[in-house]
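Shown here: structure_4.cif, mmCIF, C-alpha atoms.
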data_run
loop_
_atom_site.group_PDB
_atom_site.id
_atom_site.type_symbol
_atom_site.label_atom_id
_atom_site.label_comp_id
_atom_site.auth_asym_id
_atom_site.auth_seq_id
_atom_site.Cartn_x
_atom_site.Cartn_y
_atom_site.Cartn_z
ATOM 1 C CA MET B 7 -160.538 14.391 34.928
ATOM 2 C CA ARG B 8 -160.107 11.880 37.658
ATOM 3 C CA ALA B 9 -163.038 10.979 39.943
ATOM 4 C CA PRO B 10 -162.455 11.220 43.741
ATOM 5 C CA ARG B 11 -161.745 7.898 45.349
ATOM 6 C CA PHE B 12 -164.004 6.950 48.216
ATOM 7 C CA PHE B 13 -161.416 4.743 49.931
ATOM 8 C CA ALA B 14 -158.644 7.326 50.025
ATOM 9 C CA TRP B 15 -156.392 7.105 53.083
ATOM 10 C CA PHE B 16 -157.613 10.403 54.537
ATOM 11 C CA ARG B 17 -161.130 8.980 54.669
ATOM 12 C CA VAL B 18 -160.335 5.440 55.761
ATOM 13 C CA VAL B 19 -157.924 6.200 58.630
ATOM 14 C CA PRO B 20 -160.323 8.394 60.658
ATOM 15 C CA LEU B 21 -163.128 5.923 60.001
ATOM 16 C CA ALA B 22 -160.950 3.050 61.220
ATOM 17 C CA ILE B 23 -160.036 4.981 64.380
ATOM 18 C CA VAL B 24 -163.695 5.693 65.120
ATOM 19 C CA LEU B 25 -164.572 2.020 64.596
ATOM 20 C CA VAL B 26 -161.782 0.830 66.908
ATOM 21 C CA PHE B 27 -162.776 3.189 69.717
ATOM 22 C CA GLY B 28 -166.454 2.390 69.154
ATOM 23 C CA GLY B 29 -165.686 -1.307 69.446
ATOM 24 C CA ILE B 30 -163.724 -0.779 72.656
ATOM 25 C CA SER B 31 -166.574 1.307 74.095
ATOM 26 C CA TRP B 32 -169.119 -1.345 73.129
ATOM 27 C CA VAL B 33 -167.074 -4.100 74.790
ATOM 28 C CA TYR B 34 -166.648 -1.983 77.910
ATOM 29 C CA ALA B 35 -170.380 -1.237 78.079
ATOM 30 C CA TYR B 36 -171.769 -4.650 77.136
ATOM 31 C CA ALA B 37 -169.080 -7.191 77.976
ATOM 32 C CA PRO B 38 -170.181 -10.229 79.945
ATOM 33 C CA ALA B 39 -169.765 -10.149 83.719
ATOM 34 C CA PRO B 40 -166.999 -12.813 83.782
ATOM 35 C CA LEU B 41 -164.765 -10.516 81.728
ATOM 36 C CA PHE B 42 -165.246 -7.679 84.196
ATOM 37 C CA GLN B 43 -164.877 -10.007 87.173
ATOM 38 C CA PHE B 44 -161.418 -10.737 85.822
ATOM 39 C CA ILE B 45 -160.690 -6.998 85.705
ATOM 40 C CA TYR B 46 -162.393 -6.333 89.070
ATOM 41 C CA PRO B 47 -161.705 -9.391 91.231
ATOM 42 C CA LEU B 48 -163.187 -9.857 94.685
ATOM 43 C CA ARG B 49 -161.270 -11.450 97.552
ATOM 44 C CA TYR B 50 -161.281 -11.309 101.348
ATOM 45 C CA GLU B 51 -165.077 -10.912 101.410
ATOM 46 C CA ASP B 52 -165.445 -11.941 105.058
ATOM 47 C CA ASP B 53 -162.779 -9.505 106.263
ATOM 48 C CA ILE B 54 -164.206 -6.683 104.144
ATOM 49 C CA LEU B 55 -167.759 -7.284 105.340
ATOM 50 C CA ALA B 56 -166.720 -7.496 109.005
ATOM 51 C CA SER B 57 -164.641 -4.304 108.944
ATOM 52 C CA ALA B 58 -167.021 -2.361 106.695
ATOM 53 C CA THR B 59 -169.909 -3.236 108.999
ATOM 54 C CA ALA B 60 -167.908 -2.332 112.120
ATOM 55 C CA TYR B 61 -167.024 1.087 110.700
ATOM 56 C CA GLY B 62 -170.294 1.859 108.921
ATOM 57 C CA LEU B 63 -168.887 1.687 105.404
ATOM 58 C CA ASP B 64 -170.207 0.420 102.105
ATOM 59 C CA PRO B 65 -168.207 -2.798 101.498
ATOM 60 C CA TYR B 66 -168.230 -2.078 97.764
ATOM 61 C CA LEU B 67 -166.436 1.204 98.444
ATOM 62 C CA VAL B 68 -163.816 -0.713 100.428
ATOM 63 C CA CYS B 69 -163.384 -3.065 97.450
ATOM 64 C CA ALA B 70 -162.970 -0.073 95.135
ATOM 65 C CA VAL B 71 -160.270 1.437 97.343
ATOM 66 C CA ILE B 72 -158.431 -1.896 97.533
ATOM 67 C CA GLU B 73 -158.621 -2.351 93.753
ATOM 68 C CA THR B 74 -157.343 1.178 93.141
ATOM 69 C CA GLU B 75 -154.677 1.190 95.842
ATOM 70 C CA SER B 76 -153.063 -2.235 95.445
ATOM 71 C CA GLY B 77 -154.892 -4.245 92.798
ATOM 72 C CA TRP B 78 -155.606 -6.820 95.548
ATOM 73 C CA ASN B 79 -151.897 -7.406 96.239
ATOM 74 C CA PRO B 80 -151.530 -7.856 100.031
ATOM 75 C CA ASN B 81 -147.745 -7.394 99.727
ATOM 76 C CA ALA B 82 -147.888 -4.100 97.827
ATOM 77 C CA THR B 83 -145.562 -1.352 99.051
ATOM 78 C CA SER B 84 -145.504 2.209 97.754
ATOM 79 C CA ASP B 85 -142.468 4.434 97.293
ATOM 80 C CA LYS B 86 -143.621 6.372 100.363
ATOM 81 C CA GLY B 87 -143.833 3.249 102.547
ATOM 82 C CA ALA B 88 -147.582 2.579 102.410
ATOM 83 C CA LYS B 89 -148.253 -1.129 102.865
ATOM 84 C CA GLY B 90 -150.752 -3.815 102.020
ATOM 85 C CA LEU B 91 -154.133 -3.990 100.359
ATOM 86 C CA MET B 92 -155.332 -0.519 101.337
ATOM 87 C CA GLN B 93 -151.849 1.044 101.197
ATOM 88 C CA LEU B 94 -151.559 2.386 104.720
ATOM 89 C CA LEU B 95 -148.596 4.070 106.311
ATOM 90 C CA PRO B 96 -147.650 2.557 109.684
ATOM 91 C CA GLU B 97 -148.079 6.040 111.181
ATOM 92 C CA THR B 98 -151.671 6.177 109.932
ATOM 93 C CA ALA B 99 -152.416 2.781 111.461
ATOM 94 C CA GLN B 100 -150.863 3.881 114.754
ATOM 95 C CA ASP B 101 -152.951 7.058 114.631
ATOM 96 C CA MET B 102 -156.119 4.959 114.339
ATOM 97 C CA ILE B 103 -155.143 3.306 117.632
ATOM 98 C CA VAL B 104 -154.407 6.671 119.254
ATOM 99 C CA GLN B 105 -157.802 7.970 118.029
ATOM 100 C CA GLY B 106 -159.443 4.957 119.693
ATOM 101 C CA LEU B 107 -160.853 3.644 116.413
ATOM 102 C CA VAL B 108 -158.880 0.373 116.471
ATOM 103 C CA SER B 109 -157.881 -1.563 119.561
ATOM 104 C CA ALA B 110 -154.191 -2.423 119.831
ATOM 105 C CA ASP B 111 -155.348 -5.834 121.089
ATOM 106 C CA GLU B 112 -157.425 -6.327 117.917
ATOM 107 C CA ALA B 113 -154.837 -5.377 115.295
ATOM 108 C CA ASP B 114 -151.097 -4.717 115.179
ATOM 109 C CA PRO B 115 -150.052 -1.632 113.155
ATOM 110 C CA ASP B 116 -146.758 -3.386 112.382
ATOM 111 C CA ASP B 117 -148.592 -6.205 110.573
ATOM 112 C CA LEU B 118 -150.038 -4.241 107.643
ATOM 113 C CA TYR B 119 -149.250 -6.984 105.133
ATOM 114 C CA ASP B 120 -151.833 -9.207 106.831
ATOM 115 C CA PRO B 121 -155.052 -8.703 104.806
ATOM 116 C CA ALA B 122 -157.439 -8.753 107.795
ATOM 117 C CA THR B 123 -155.288 -6.289 109.751
ATOM 118 C CA ASN B 124 -154.842 -3.973 106.774
ATOM 119 C CA ILE B 125 -158.552 -3.984 105.987
ATOM 120 C CA THR B 126 -159.359 -3.197 109.633
ATOM 121 C CA PHE B 127 -157.032 -0.195 109.722
ATOM 122 C CA GLY B 128 -158.026 0.909 106.216
ATOM 123 C CA CYS B 129 -161.730 0.836 107.057
ATOM 124 C CA ALA B 130 -161.100 2.714 110.291
ATOM 125 C CA TYR B 131 -159.190 5.395 108.398
ATOM 126 C CA LEU B 132 -161.725 5.668 105.572
ATOM 127 C CA SER B 133 -164.555 5.934 108.095
ATOM 128 C CA TYR B 134 -162.596 8.603 109.987
ATOM 129 C CA LEU B 135 -162.164 10.610 106.768
ATOM 130 C CA ILE B 136 -165.845 10.343 105.852
ATOM 131 C CA LYS B 137 -166.830 11.590 109.312
ATOM 132 C CA TYR B 138 -164.219 14.356 109.160
ATOM 133 C CA PHE B 139 -165.705 15.589 105.890
ATOM 134 C CA ASN B 140 -169.294 15.351 107.226
ATOM 135 C CA GLY B 141 -170.258 12.376 105.077
ATOM 136 C CA ALA B 142 -168.767 13.712 101.823
ATOM 137 C CA THR B 143 -167.455 10.455 100.379
ATOM 138 C CA ASP B 144 -165.703 12.109 97.420
ATOM 139 C CA HIS B 145 -163.799 14.366 99.821
ATOM 140 C CA ALA B 146 -162.803 11.339 101.907
ATOM 141 C CA ILE B 147 -161.627 9.417 98.841
ATOM 142 C CA ALA B 148 -159.550 12.368 97.660
ATOM 143 C CA ALA B 149 -158.111 12.767 101.171
ATOM 144 C CA TYR B 150 -157.239 9.061 101.262
ATOM 145 C CA ASN B 151 -154.954 9.792 98.314
ATOM 146 C CA ALA B 152 -153.776 13.365 98.844
ATOM 147 C CA GLY B 153 -154.259 14.015 102.547
ATOM 148 C CA MET B 154 -156.850 15.873 104.582
ATOM 149 C CA GLY B 155 -155.000 19.186 104.460
ATOM 150 C CA ASN B 156 -154.923 19.310 100.675
ATOM 151 C CA VAL B 157 -158.631 18.514 100.390
ATOM 152 C CA ALA B 158 -159.433 21.174 102.991
ATOM 153 C CA ILE B 159 -157.466 23.729 100.954
ATOM 154 C CA TRP B 160 -159.094 22.685 97.676
ATOM 155 C CA THR B 161 -162.605 22.950 99.106
ATOM 156 C CA GLY B 162 -161.986 25.979 101.298
ATOM 157 C CA SER B 163 -163.583 28.344 98.811
ATOM 158 C CA GLY B 164 -166.705 26.188 98.642
ATOM 159 C CA GLY B 165 -166.289 25.136 95.023
ATOM 160 C CA ASP B 166 -166.864 21.720 93.527
ATOM 161 C CA LEU B 167 -164.191 19.260 94.635
ATOM 162 C CA SER B 168 -163.594 17.717 91.216
ATOM 163 C CA ASP B 169 -162.909 21.176 89.744
ATOM 164 C CA SER B 170 -160.651 22.175 92.649
ATOM 165 C CA ILE B 171 -158.263 19.197 92.889
ATOM 166 C CA ALA B 172 -154.782 20.462 92.105
ATOM 167 C CA PHE B 173 -153.072 17.072 91.670
ATOM 168 C CA PRO B 174 -153.746 15.154 88.446
ATOM 169 C CA GLU B 175 -152.964 11.920 90.337
ATOM 170 C CA THR B 176 -155.754 12.641 92.824
ATOM 171 C CA GLN B 177 -158.212 13.552 90.068
ATOM 172 C CA SER B 178 -157.462 10.224 88.400
ATOM 173 C CA TYR B 179 -157.613 8.390 91.737
ATOM 174 C CA LEU B 180 -161.053 9.781 92.562
ATOM 175 C CA ALA B 181 -162.397 8.827 89.130
ATOM 176 C CA ARG B 182 -160.917 5.319 89.342
ATOM 177 C CA VAL B 183 -162.352 4.655 92.805
ATOM 178 C CA LYS B 184 -165.796 5.889 91.759
ATOM 179 C CA THR B 185 -165.750 3.726 88.617
ATOM 180 C CA ALA B 186 -164.568 0.679 90.554
ATOM 181 C CA HIS B 187 -167.259 1.310 93.185
ATOM 182 C CA GLU B 188 -169.961 1.191 90.510
ATOM 183 C CA ARG B 189 -168.457 -1.907 88.908
ATOM 184 C CA TYR B 190 -168.256 -3.823 92.190
ATOM 185 C CA ARG B 191 -171.908 -3.048 92.922
ATOM 186 C CA GLU B 192 -172.915 -4.266 89.441
ATOM 187 C CA LEU B 193 -170.717 -7.370 89.344
ATOM 188 C CA TYR B 194 -171.241 -8.687 92.876
ATOM 189 C CA PRO B 195 -174.740 -7.600 93.896
ATOM 190 C CA THR B 196 -175.240 -10.383 96.441
ATOM 191 C CA SER B 197 -171.739 -10.688 97.877
ATOM 192 C CA PHE B 198 -172.324 -8.564 100.952
ATOM 193 C CA LEU B 199 -175.935 -9.289 101.852
#
Would you mind writing the file's structure down as structure tokens?
Amino acid sequence: MRAPRFFAWFRVVPLAIVLVFGGISWVYAYAPAPLFQFIYPLRYEDDILASATAYGLDPYLVCAVIETESGWNPNATSDKGAKGLMQLLPETAQDMIVQGLVSADEADPDDLYDPATNITFGCAYLSYLIKYFNGATDHAIAAYNAGMGNVAIWTGSGGDLSDSIAFPETQSYLARVKTAHERYRELYPTSFL
């Protein structure tokens, strides 16, 4: 009679998988700040602070939106025509002027690849969404991705937003922005003082 082998493949493979994922989780939880600063860079601090302050926003939230929208690429363009760091449509920027939130003398909606201009319009729009949703930041973040109408439909029955989002892309977007928001606060605690 043959004794069972401890290192049989059906025991080793699951153990190896658990160890790999455990190692990745440990690195993610305890990695040194410079590693995460590479993953979550910070640029345009003066422009972010100025616009976030002007529109009553948390500058770390602005950083999280920029990271999620464009990965800090000021020349990013989406398939739908959204431009720049905060991925704004020219129509959205123009609407911020019409709403009186941005002065046409202060920023040109046709210059959305300019980081300062894009951040100004993006902060105005994000602030507008937060006010529209009565301070519900998660609603505003979801609306930044999926539109105000969709978020209004999803929350019309009064349920929890995260359970009501119908688009997997928006669910992922909301989670990514929230994670990035936390990371920026942890990694750059004195950047916006």
**Item:** For CA of Ala130 (chain B) and CA of Val183 (chain B), the interatomic separation in Å (one decimal)
**Value:** 17.6 Å
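Distance-wise, CA of Tyr190 (chain B) and CA of Pro174 (chain B) end up 24.2 Å apart.
The list of residues with at least one atom within 12 Å of Leu193 (chain B), based on only C-alpha atoms and without residues fewer than 5 positions apart in the same chain, reads Ala37, Pro38, Ala39, Pro40, Leu41, Phe42, Gln43, Phe44, Ile45, Tyr46, Pro47, Leu48, Tyr66, Cys69, Ala186, His187, Glu188 and Phe198 of chain B.
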**Asked** Care to translate the PyMOL selection byres ((chain B and resi 144-146) around 12) into actual residues of this file, as an MDAnalysis selection string?
**Response** chainID B and resid 63 67 71 129 131:143 147:162 166:168 170:171 176:177 179:184 187
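CA of Tyr50 (chain B) is positioned 11.0 Å from CA of Ser197 (chain B).
Minimum distance to Asp52 (chain B) across B:Ala113, B:Ala172, B:Ile23, B:Ile125 (counting all atoms listed in the file) occurs at B:Ile125.
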Surrounding residues of region 78-81 of chain B excluding itself and chain neighbours under 2 positions, 8 Å, all atoms listed in the file, as a short mmCIF file (atom, residue, chain, number, x, y, z; two decimals) with C-alpha atoms, keeping the file's coordinate frame:
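Contents of around.cif, as written:
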data_model
loop_
_atom_site.label_atom_id
_atom_site.label_comp_id
_atom_site.auth_asym_id
_atom_site.auth_seq_id
_atom_site.Cartn_x
_atom_site.Cartn_y
_atom_site.Cartn_z
CA PRO B 47 -161.71 -9.39 91.23
CA ARG B 49 -161.27 -11.45 97.55
CA ILE B 72 -158.43 -1.90 97.53
CA GLU B 73 -158.62 -2.35 93.75
CA SER B 76 -153.06 -2.24 95.44
CA THR B 83 -145.56 -1.35 99.05
CA LYS B 89 -148.25 -1.13 102.86
CA GLY B 90 -150.75 -3.82 102.02
CA LEU B 91 -154.13 -3.99 100.36
CA TYR B 119 -149.25 -6.98 105.13
CA ASP B 120 -151.83 -9.21 106.83
CA PRO B 121 -155.05 -8.70 104.81
#
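Nearest to Ile54 (chain B) of all the residues B:Ala110, B:Met102, B:Met92, B:Val18 is B:Met92, based on only C-alpha atoms.
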**Message:** Please expand the PyMOL selection byres ((chain B and resi 116) around 12) into the concrete residues it hits in this file, giving the result as a PyMOL selection string.
**Reply:** chain B and resi 88-90+94-100+103+110+113-115+117-120+123-124+127
**Request:** Skip Ala58 (chain B) itself and residues of its chain fewer than 6 positions away, then list as an MDAnalysis selection string all residues within 8 Å of it, counting only C-alpha atoms.
**Result:** chainID B and resid 64:65 68 129
Kindly complete region 148-183 of chain B to N, CA and C atoms; the output should be written as a PDB file, keeping the file's coordinate frame.
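Saved to rebuild.pdb:
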ATOM      1  N   ALA B 148    -160.652  11.496  98.076  1.00  0.00           N
ATOM      2  CA  ALA B 148    -159.550  12.368  97.660  1.00  0.00           C
ATOM      3  C   ALA B 148    -158.534  12.513  98.793  1.00  0.00           C
ATOM      4  N   ALA B 149    -159.008  12.641 100.026  1.00  0.00           N
ATOM      5  CA  ALA B 149    -158.111  12.767 101.171  1.00  0.00           C
ATOM      6  C   ALA B 149    -157.338  11.477 101.415  1.00  0.00           C
ATOM      7  N   TYR B 150    -157.937  10.341 101.119  1.00  0.00           N
ATOM      8  CA  TYR B 150    -157.239   9.061 101.262  1.00  0.00           C
ATOM      9  C   TYR B 150    -156.006   9.052 100.375  1.00  0.00           C
ATOM     10  N   ASN B 151    -156.076   9.732  99.248  1.00  0.00           N
ATOM     11  CA  ASN B 151    -154.954   9.792  98.314  1.00  0.00           C
ATOM     12  C   ASN B 151    -154.027  10.972  98.577  1.00  0.00           C
ATOM     13  N   ALA B 152    -154.586  12.143  98.806  1.00  0.00           N
ATOM     14  CA  ALA B 152    -153.776  13.365  98.844  1.00  0.00           C
ATOM     15  C   ALA B 152    -153.614  13.969 100.231  1.00  0.00           C
ATOM     16  N   GLY B 153    -154.350  13.467 101.201  1.00  0.00           N
ATOM     17  CA  GLY B 153    -154.259  14.015 102.547  1.00  0.00           C
ATOM     18  C   GLY B 153    -155.390  14.983 102.860  1.00  0.00           C
ATOM     19  N   MET B 154    -155.743  15.039 104.125  1.00  0.00           N
ATOM     20  CA  MET B 154    -156.850  15.873 104.582  1.00  0.00           C
ATOM     21  C   MET B 154    -156.573  17.352 104.365  1.00  0.00           C
ATOM     22  N   GLY B 155    -155.345  17.770 104.603  1.00  0.00           N
ATOM     23  CA  GLY B 155    -155.000  19.186 104.460  1.00  0.00           C
ATOM     24  C   GLY B 155    -155.185  19.691 103.039  1.00  0.00           C
ATOM     25  N   ASN B 156    -154.759  18.901 102.076  1.00  0.00           N
ATOM     26  CA  ASN B 156    -154.923  19.310 100.675  1.00  0.00           C
ATOM     27  C   ASN B 156    -156.391  19.430 100.302  1.00  0.00           C
ATOM     28  N   VAL B 157    -157.204  18.463 100.717  1.00  0.00           N
ATOM     29  CA  VAL B 157    -158.631  18.514 100.390  1.00  0.00           C
ATOM     30  C   VAL B 157    -159.278  19.719 101.075  1.00  0.00           C
ATOM     31  N   ALA B 158    -158.886  20.006 102.294  1.00  0.00           N
ATOM     32  CA  ALA B 158    -159.433  21.174 102.991  1.00  0.00           C
ATOM     33  C   ALA B 158    -159.083  22.462 102.248  1.00  0.00           C
ATOM     34  N   ILE B 159    -157.870  22.546 101.726  1.00  0.00           N
ATOM     35  CA  ILE B 159    -157.466  23.729 100.954  1.00  0.00           C
ATOM     36  C   ILE B 159    -158.272  23.817  99.660  1.00  0.00           C
ATOM     37  N   TRP B 160    -158.398  22.687  98.960  1.00  0.00           N
ATOM     38  CA  TRP B 160    -159.094  22.685  97.676  1.00  0.00           C
ATOM     39  C   TRP B 160    -160.560  23.049  97.820  1.00  0.00           C
ATOM     40  N   THR B 161    -161.171  22.698  98.927  1.00  0.00           N
ATOM     41  CA  THR B 161    -162.605  22.950  99.106  1.00  0.00           C
ATOM     42  C   THR B 161    -162.873  24.154  99.996  1.00  0.00           C
ATOM     43  N   GLY B 162    -161.830  24.840 100.400  1.00  0.00           N
ATOM     44  CA  GLY B 162    -161.986  25.979 101.298  1.00  0.00           C
ATOM     45  C   GLY B 162    -162.834  27.091 100.732  1.00  0.00           C
ATOM     46  N   SER B 163    -162.803  27.277  99.426  1.00  0.00           N
ATOM     47  CA  SER B 163    -163.583  28.344  98.811  1.00  0.00           C
ATOM     48  C   SER B 163    -165.017  27.914  98.522  1.00  0.00           C
ATOM     49  N   GLY B 164    -165.336  26.667  98.818  1.00  0.00           N
ATOM     50  CA  GLY B 164    -166.705  26.188  98.642  1.00  0.00           C
ATOM     51  C   GLY B 164    -167.032  25.697  97.251  1.00  0.00           C
ATOM     52  N   GLY B 165    -166.040  25.610  96.385  1.00  0.00           N
ATOM     53  CA  GLY B 165    -166.289  25.136  95.023  1.00  0.00           C
ATOM     54  C   GLY B 165    -166.450  23.623  94.960  1.00  0.00           C
ATOM     55  N   ASP B 166    -166.720  23.148  93.765  1.00  0.00           N
ATOM     56  CA  ASP B 166    -166.864  21.720  93.527  1.00  0.00           C
ATOM     57  C   ASP B 166    -165.501  21.048  93.666  1.00  0.00           C
ATOM     58  N   LEU B 167    -165.458  19.944  94.388  1.00  0.00           N
ATOM     59  CA  LEU B 167    -164.191  19.260  94.635  1.00  0.00           C
ATOM     60  C   LEU B 167    -163.505  18.844  93.342  1.00  0.00           C
ATOM     61  N   SER B 168    -164.234  18.229  92.426  1.00  0.00           N
ATOM     62  CA  SER B 168    -163.594  17.717  91.216  1.00  0.00           C
ATOM     63  C   SER B 168    -162.970  18.834  90.374  1.00  0.00           C
ATOM     64  N   ASP B 169    -163.491  20.044  90.467  1.00  0.00           N
ATOM     65  CA  ASP B 169    -162.909  21.176  89.744  1.00  0.00           C
ATOM     66  C   ASP B 169    -161.746  21.811  90.500  1.00  0.00           C
ATOM     67  N   SER B 170    -161.636  21.515  91.803  1.00  0.00           N
ATOM     68  CA  SER B 170    -160.651  22.175  92.649  1.00  0.00           C
ATOM     69  C   SER B 170    -159.384  21.354  92.887  1.00  0.00           C
ATOM     70  N   ILE B 171    -159.420  20.057  92.608  1.00  0.00           N
ATOM     71  CA  ILE B 171    -158.263  19.197  92.889  1.00  0.00           C
ATOM     72  C   ILE B 171    -157.063  19.664  92.069  1.00  0.00           C
ATOM     73  N   ALA B 172    -155.969  19.926  92.771  1.00  0.00           N
ATOM     74  CA  ALA B 172    -154.782  20.462  92.105  1.00  0.00           C
ATOM     75  C   ALA B 172    -153.824  19.383  91.607  1.00  0.00           C
ATOM     76  N   PHE B 173    -153.980  18.151  92.077  1.00  0.00           N
ATOM     77  CA  PHE B 173    -153.072  17.072  91.670  1.00  0.00           C
ATOM     78  C   PHE B 173    -153.743  16.176  90.642  1.00  0.00           C
ATOM     79  N   PRO B 174    -153.173  16.056  89.452  1.00  0.00           N
ATOM     80  CA  PRO B 174    -153.746  15.154  88.446  1.00  0.00           C
ATOM     81  C   PRO B 174    -153.869  13.716  88.960  1.00  0.00           C
ATOM     82  N   GLU B 175    -152.908  13.278  89.777  1.00  0.00           N
ATOM     83  CA  GLU B 175    -152.964  11.920  90.337  1.00  0.00           C
ATOM     84  C   GLU B 175    -154.222  11.741  91.185  1.00  0.00           C
ATOM     85  N   THR B 176    -154.573  12.739  91.966  1.00  0.00           N
ATOM     86  CA  THR B 176    -155.754  12.641  92.824  1.00  0.00           C
ATOM     87  C   THR B 176    -157.034  12.714  92.000  1.00  0.00           C
ATOM     88  N   GLN B 177    -157.049  13.527  90.957  1.00  0.00           N
ATOM     89  CA  GLN B 177    -158.212  13.552  90.068  1.00  0.00           C
ATOM     90  C   GLN B 177    -158.442  12.169  89.464  1.00  0.00           C
ATOM     91  N   SER B 178    -157.379  11.563  88.986  1.00  0.00           N
ATOM     92  CA  SER B 178    -157.462  10.224  88.400  1.00  0.00           C
ATOM     93  C   SER B 178    -157.872   9.200  89.456  1.00  0.00           C
ATOM     94  N   TYR B 179    -157.302   9.315  90.641  1.00  0.00           N
ATOM     95  CA  TYR B 179    -157.613   8.390  91.737  1.00  0.00           C
ATOM     96  C   TYR B 179    -159.102   8.431  92.074  1.00  0.00           C
ATOM     97  N   LEU B 180    -159.639   9.624  92.228  1.00  0.00           N
ATOM     98  CA  LEU B 180    -161.053   9.781  92.562  1.00  0.00           C
ATOM     99  C   LEU B 180    -161.931   9.150  91.481  1.00  0.00           C
ATOM    100  N   ALA B 181    -161.610   9.400  90.232  1.00  0.00           N
ATOM    101  CA  ALA B 181    -162.397   8.827  89.130  1.00  0.00           C
ATOM    102  C   ALA B 181    -162.293   7.306  89.112  1.00  0.00           C
ATOM    103  N   ARG B 182    -161.099   6.772  89.350  1.00  0.00           N
ATOM    104  CA  ARG B 182    -160.917   5.319  89.342  1.00  0.00           C
ATOM    105  C   ARG B 182    -161.664   4.650  90.482  1.00  0.00           C
ATOM    106  N   VAL B 183    -161.630   5.239  91.673  1.00  0.00           N
ATOM    107  CA  VAL B 183    -162.352   4.655  92.805  1.00  0.00           C
ATOM    108  C   VAL B 183    -163.857   4.687  92.547  1.00  0.00           C
TER     109      VAL B 183
END
